[in-house]
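S.K.: Supplied in structure tokens, the structure appears directly below.
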Amino acid sequence: MAKTLRFSLLVLLSFGAFACATVRPEQRAVLADPTMRFEGEPGEQAAVEHVLENREASFGGGSVRGGGCGCN
Amino acid sequence: MQLTGGFLRVRPLLALGAASAVFASAPPVRAQVAQADLHTSAFVEPSKTSHLTVITPAANVAVQPAEFLDVHAAYTADIVSGATEAIKAGPVADVVTAATKFSDVRHQFGGGVAVTRKDTHLGVDYSYGTESDYRSQSFAVNAGTEFFQKNTQIELQYARGFDKVCTTNYAASTAPSGRTRLDSSKGCFTKTPDRASRDVDLDTLQAAWTQAWTPVFATQVVLTGALQHGFLANPYRGVVITPSGEDALENHPENRARGAFSLHGKYFIKPIAAAASAGVRLYRDTWDIFGQTYEVEFEKYVLPALRVLVHGRYYHQNGALFWSDDYTGGEPADGPRGQYWSGDRELSPLSSYLVGGRVLVAVQGTPDHRVLAVLLRLQGTAGLDILKTQLKDFTWSGKKPDDTLAGMLSLGLRGEF
């Protein structure tokens with residue numbers, strides 16, 4: 001468990017080290033595309049998650065609002 | 001309604017998900033001031049003995065009375081019918097039970113408010129669900145912000161659920177082996193003497209970090225933690241616990257701590273106008289279940305107004321520490337696993353495969369040229385998913401279940417005003 005936590009922390013810190021790399025606002029056209037949204041289509045996503053969470057013991061870690069435009 | 005254990009576990013996340021879904025669909029521009037979503041899904045699990053059908057209509061409405069304010073309301077129903085074995089026996093005890101039919105309708109109402117100021121938003125939500133044998137209330141708050149030129153987004157969500165489940169009216173001092181299962185929901189949440197209401201407390205905390213790395217590549221990390229306390233079993237399910245075939249109400253621990261970590265990446269392939277994504281989720285809980293999920297997705301523009309998506313998913317888990325296919329035999333293959341017993345196949349070792357797809361058509365208007373004279377945008381979706389589950393050990397009295405293949409059809413319609 002401790003090894004897993006240390007590994008997860010290392011991965012997160014590695015990501016964090018690159019977090020200063022920026023995409024300029026004028027470069028965000030593709031990131032604003034609906035296909036780049038992590039949450040997908042909300043109604044459909046909720047329905048699939050509803051089924052899966054009743055068919056297995058795991059839950060959580062689902063996509064939340066993210067990606068998208070951010071260009072305003 | 002005859003519930004699986006899973007139904008009992010997911011309510012706070014459903015509320016959280018519903019809240020997120022409404023927030024996620026909030027408009028990016030002021031020109032749009034209202035949005036209506038209609039969605040229906042049909043889940044069908046065919047079986048000779050224990051079929052299941054769930055129809056889930058849902059409606060969401062969101063309005064933006066001011067640029068910084070979003071007010072939304074939602075309604076979802078679950079119309080469930082089917083049949084299931086009420087008593088779980090393993091291969092050792094010579095007990096064969098017939099599936100019993102059931103049907104029920106769950107109604108869930110919700111609503112909330114979100115405020116956005118510059119790069120930060122804050123939202124609160126409430127939902128109430130009711131059905132013949134279960135009541136749920138949930139409060140949720142969420143907050144998020146963007147920084148590093150909006151390339152980094154952080155989102156925090158917390159939900160607190162106050163649920164009540166109907167059971168038979170056994171005393172706390174009654175030994176678990178002497179507790180009986182519910183045979184129907186008749187008399188639940190009334191003063192009927194042989195019915196009782198038991199609490200389920202649910203706390204769910206989720207944090208997400210979304211990062212844009214390049215103009216075509218982004219990742220999302222999500223951490224989820226949950227605490228559950230109370231009656232966490234299925235009140236209808238009995239489990240055979242003696243070689244002579246005597247059964248008792250399913251007996252699960254009253255506490256469960258759960259945690260999940262997920263990482264997803266999305267990459268847009270410009271030459272073919274398509275987005276490809278892959279993700280992994282790891283899950284662990286204090287019932288000693290470890291789950292792994294791997295998924296891939298590909299979505300392509302066939303026409304500017306037409307998108308097609310295909311996805312696949314593989315899931316694997318081990319069984320709960322106390323799970324056994326037969327509580328009447330001896331160790332190690334069968335027999336008791338401590339003080340608890342379960343007939344929940346979702347707590348047994350299993351793996352599953354899901355494949356599916358979706359077609360989306362969107363018609364975009366402008367404030368001067370609206371779709372159907374009133375809409376800024378009209379969108380329709382149709383999706384189909386097939387889920388196949390492989391149960392490693394679970395049996396009904398030694399026989400493998402035949403309800404392990406399921407299909408789900410979903411239809412959605414969204415109008416933005």
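Chain labels A, B, ... are given in the sequence in which chains occur in the structure tokens; within each chain residues are numbered consecutively from 1, and ligands are likewise numbered from 1 in the order shown.
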Hey, what does DSSP flag as strand (DSSP E or B) within segment 231-388 of chain B? Can you give it to me as an MDAnalysis selection string?
M.R.: chainID B and resid 238:240 247:249 251 255:269 274:285 290:303 306:317 337 340:341 350:364 371 375 377:388
S.K.: Could you write out as a PyMOL selection string the residues of chain B within 7 Å of chain A, counting only C-alpha atoms?
M.R.: chain B and resi 6-7+10+17+20-21+24+39+41+148-151+153+208+210+212-216+218+222-224+260-262+266+275+281+283+291+299+346-347+410
S.K.: Out of segment 9-181 of chain B, which residues get helix (DSSP H, G or I) from DSSP, as a PDB file with N, CA and C atoms, in the first residue's frame?
M.R.:
ATOM      1  N   ARG B   9     -25.389   1.347  -2.830  1.00  0.00           N
ATOM      2  CA  ARG B   9     -24.102   1.992  -2.699  1.00  0.00           C
ATOM      3  C   ARG B   9     -23.952   3.241  -3.548  1.00  0.00           C
ATOM      4  N   VAL B  10     -24.680   3.339  -4.624  1.00  0.00           N
ATOM      5  CA  VAL B  10     -24.322   4.351  -5.603  1.00  0.00           C
ATOM      6  C   VAL B  10     -25.102   5.663  -5.471  1.00  0.00           C
ATOM      7  N   ARG B  11     -26.044   5.738  -4.571  1.00  0.00           N
ATOM      8  CA  ARG B  11     -26.899   6.908  -4.566  1.00  0.00           C
ATOM      9  C   ARG B  11     -26.146   8.228  -4.437  1.00  0.00           C
ATOM     10  N   PRO B  12     -25.159   8.359  -3.515  1.00  0.00           N
ATOM     11  CA  PRO B  12     -24.515   9.659  -3.426  1.00  0.00           C
ATOM     12  C   PRO B  12     -23.774  10.012  -4.698  1.00  0.00           C
ATOM     13  N   LEU B  13     -23.186   9.022  -5.350  1.00  0.00           N
ATOM     14  CA  LEU B  13     -22.442   9.319  -6.563  1.00  0.00           C
ATOM     15  C   LEU B  13     -23.393   9.663  -7.701  1.00  0.00           C
ATOM     16  N   LEU B  14     -24.588   9.058  -7.683  1.00  0.00           N
ATOM     17  CA  LEU B  14     -25.570   9.420  -8.693  1.00  0.00           C
ATOM     18  C   LEU B  14     -25.931  10.889  -8.546  1.00  0.00           C
ATOM     19  N   ALA B  15     -26.130  11.291  -7.288  1.00  0.00           N
ATOM     20  CA  ALA B  15     -26.451  12.694  -7.050  1.00  0.00           C
ATOM     21  C   ALA B  15     -25.302  13.579  -7.497  1.00  0.00           C
ATOM     22  N   LEU B  16     -24.084  13.133  -7.157  1.00  0.00           N
ATOM     23  CA  LEU B  16     -22.890  13.883  -7.544  1.00  0.00           C
ATOM     24  C   LEU B  16     -22.785  13.938  -9.056  1.00  0.00           C
ATOM     25  N   GLY B  17     -23.055  12.803  -9.679  1.00  0.00           N
ATOM     26  CA  GLY B  17     -22.981  12.727 -11.133  1.00  0.00           C
ATOM     27  C   GLY B  17     -24.029  13.602 -11.785  1.00  0.00           C
ATOM     28  N   ALA B  18     -25.236  13.570 -11.198  1.00  0.00           N
ATOM     29  CA  ALA B  18     -26.302  14.381 -11.766  1.00  0.00           C
ATOM     30  C   ALA B  18     -25.951  15.860 -11.661  1.00  0.00           C
ATOM     31  N   ALA B  19     -25.387  16.220 -10.505  1.00  0.00           N
ATOM     32  CA  ALA B  19     -24.977  17.613 -10.327  1.00  0.00           C
ATOM     33  C   ALA B  19     -23.913  17.984 -11.345  1.00  0.00           C
ATOM     34  N   SER B  20     -22.929  17.093 -11.513  1.00  0.00           N
ATOM     35  CA  SER B  20     -21.849  17.365 -12.450  1.00  0.00           C
ATOM     36  C   SER B  20     -22.382  17.471 -13.863  1.00  0.00           C
ATOM     37  N   ALA B  21     -23.326  16.568 -14.175  1.00  0.00           N
ATOM     38  CA  ALA B  21     -23.859  16.541 -15.532  1.00  0.00           C
ATOM     39  C   ALA B  21     -24.538  17.861 -15.859  1.00  0.00           C
ATOM     40  N   VAL B  22     -25.289  18.377 -14.913  1.00  0.00           N
ATOM     41  CA  VAL B  22     -25.978  19.631 -15.173  1.00  0.00           C
ATOM     42  C   VAL B  22     -24.981  20.764 -15.293  1.00  0.00           C
ATOM     43  N   PHE B  23     -23.983  20.769 -14.387  1.00  0.00           N
ATOM     44  CA  PHE B  23     -22.981  21.825 -14.460  1.00  0.00           C
ATOM     45  C   PHE B  23     -22.176  21.706 -15.752  1.00  0.00           C
ATOM     46  N   ALA B  24     -21.902  20.443 -16.124  1.00  0.00           N
ATOM     47  CA  ALA B  24     -21.074  20.232 -17.300  1.00  0.00           C
ATOM     48  C   ALA B  24     -21.741  20.774 -18.547  1.00  0.00           C
ATOM     49  N   PRO B 176     -27.430 -12.031  14.014  1.00  0.00           N
ATOM     50  CA  PRO B 176     -27.574 -11.961  12.550  1.00  0.00           C
ATOM     51  C   PRO B 176     -28.147 -13.237  11.948  1.00  0.00           C
ATOM     52  N   SER B 177     -27.836 -14.372  12.538  1.00  0.00           N
ATOM     53  CA  SER B 177     -28.352 -15.626  11.988  1.00  0.00           C
ATOM     54  C   SER B 177     -29.844 -15.792  12.238  1.00  0.00           C
ATOM     55  N   GLY B 178     -30.422 -14.943  13.113  1.00  0.00           N
ATOM     56  CA  GLY B 178     -31.845 -15.022  13.405  1.00  0.00           C
ATOM     57  C   GLY B 178     -32.659 -13.950  12.690  1.00  0.00           C
TER      58      GLY B 178
END
S.K.: For each of B:Ala36, B:Leu309, B:Val54, B:Ala406, take the minimum atom-to-atom distance to Leu378 of chain B, counting only C-alpha atoms, then give the residue where this is smallest.
M.R.: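 Using only C-alpha atoms, Leu378 of chain B sits closest to B:Ala36.
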S.K.: Quick one: distance from atom CA of Ala62 of chain B to atom CA of Gln35 of chain B in Å, one decimal?
M.R.: 5.2 Å
